[in-house]
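*Asks:* Sharing a structure, written as structure tokens. Questions coming.
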Amino acid sequence: MQQTEREYRSVIARCQDIFTKKNQDYGPSWRILQRIRTIQEKGFSKVQEGEVPEFIGIINYCVMALIQSELGDDRRTDFTADQLTDMYNAQMQEVIELLFNKNHDYGEAWRDMRVSSMTDIILMKLFRIKQIEDNEGKTVISEGVKAGYQDIINYSVFCLIKLGIAE
């Protein structure tokens with residue numbers, strides 16, 4: 001479990017660094033987004049940048065969606081870099097706590113999974129989120145959108161660990 005925590009925190013630190021730098025470049029322009037877009041609309045990508053940047057992007061877009069959800073109707077866009085970093089860290093703290101709880105229950109089963117299998121789970125979770133949004137956020141028995149984004153983040157981190165970017 002200590003290895004997972006170290007690797008997990010290493011991946012998140014890398015993602016946060018990119019998040020912070022992109023916000024310095026673009027400002028919080030992402031605030032106009034209302035939901036994450038489909039990653040593989042056509043099933044393939046014409047611009048091949050590799051898996052690592054894709055998974056980092058997935059993590060950061062999920063964090064953005066979680067922040068958007070928490071902010072609700074708040075339309076401000078004038079956040080400082082420190083405020084954005086604090087929001088990012090608050091979301092990731094919740095996600096990592098979820099990871100540790102699930103990892104305890106499942107015994108690090110993800111370590112035996114293929115990256116492609118985890119990618120399938122990520123895509124399935126995206127479709128579930130879309131369906132929940134189509135249902136105006138209402139669920140009968142299932143977890144909501146927030147849990148879906150949190151799971152996507154965790155599976156993306158696992159993929160990045162398996163791809164060897166953790167220190």
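Chain labels run A, B, ... following the order of the structure tokens; each chain numbers its residues from 1, and ligands are numbered from 1 in the order shown.
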Would you kindly return, as a PyMOL selection string, each protein, DNA or RNA residue with an atom no farther than 9 Å from any atom of Ile121 of chain A, considering only C-alpha atoms and excluding same-chain residues fewer than 5 positions away?
*Replies:* chain A and resi 116+126+152+155
*Asks:* Measuring between only C-alpha atoms, which one of A:Gln91, A:Asn103, A:Thr80, A:Asn154 shows the shortest distance to Asn23 of chain A?
*Replies:* A:Thr80
*Asks:* Which of these residues is nearest to Leu84 of chain A, using only C-alpha atoms: A:Phe19, A:Lys125, A:His104, A:Glu7?
*Replies:*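 Closest candidate: A:Phe19.
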*Asks:* Just want the 12 Å neighbourhood of Asp86 of chain A, counted on only C-alpha atoms, with same-chain residues fewer than 3 positions away dropped. Output as a PyMOL selection string.
*Replies:* chain A and resi 16+19-20+63+67+79-83+89-93
*Asks:* Apply DSSP to the structure's backbone, then extract all residues of chain A labelled helix (DSSP H, G or I) and return them as an NGL selection string.
*Replies:* :A and (2-26 or 29-32 or 51-71 or 81-106 or 109-112 or 115-134 or 145-162)
*Asks:* In terms of the shortest atom-to-atom distance over only C-alpha atoms, which of A:Lys21, A:Gln131, A:Asp151, A:Glu97 is closest to Glu5 of chain A?
*Replies:*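 The answer is A:Glu97, which sits nearest to Glu5 of chain A.
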*Asks:* Taking 3 positions as the minimum chain separation for residues in the same chain, which residues sit within 10 Å of Arg9 of chain A when counting only C-alpha atoms? Answer as a list in words.
*Replies:*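 My reading of the contact set: Gln3, Thr4, Glu5, Arg6, Ile12, Ala13, Arg14, Cys15, Met92, Ile96, Val157, Ala166 and Glu167 of chain A.
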*Asks:* I'd like the contact shell of Ser142 of chain A - 12 Å cut-off, only C-alpha atoms, skipping same-chain residues fewer than 3 positions apart - returned as number ranges by chain.
*Replies:* A: 125, 128-129, 131-132, 137-139, 145-148
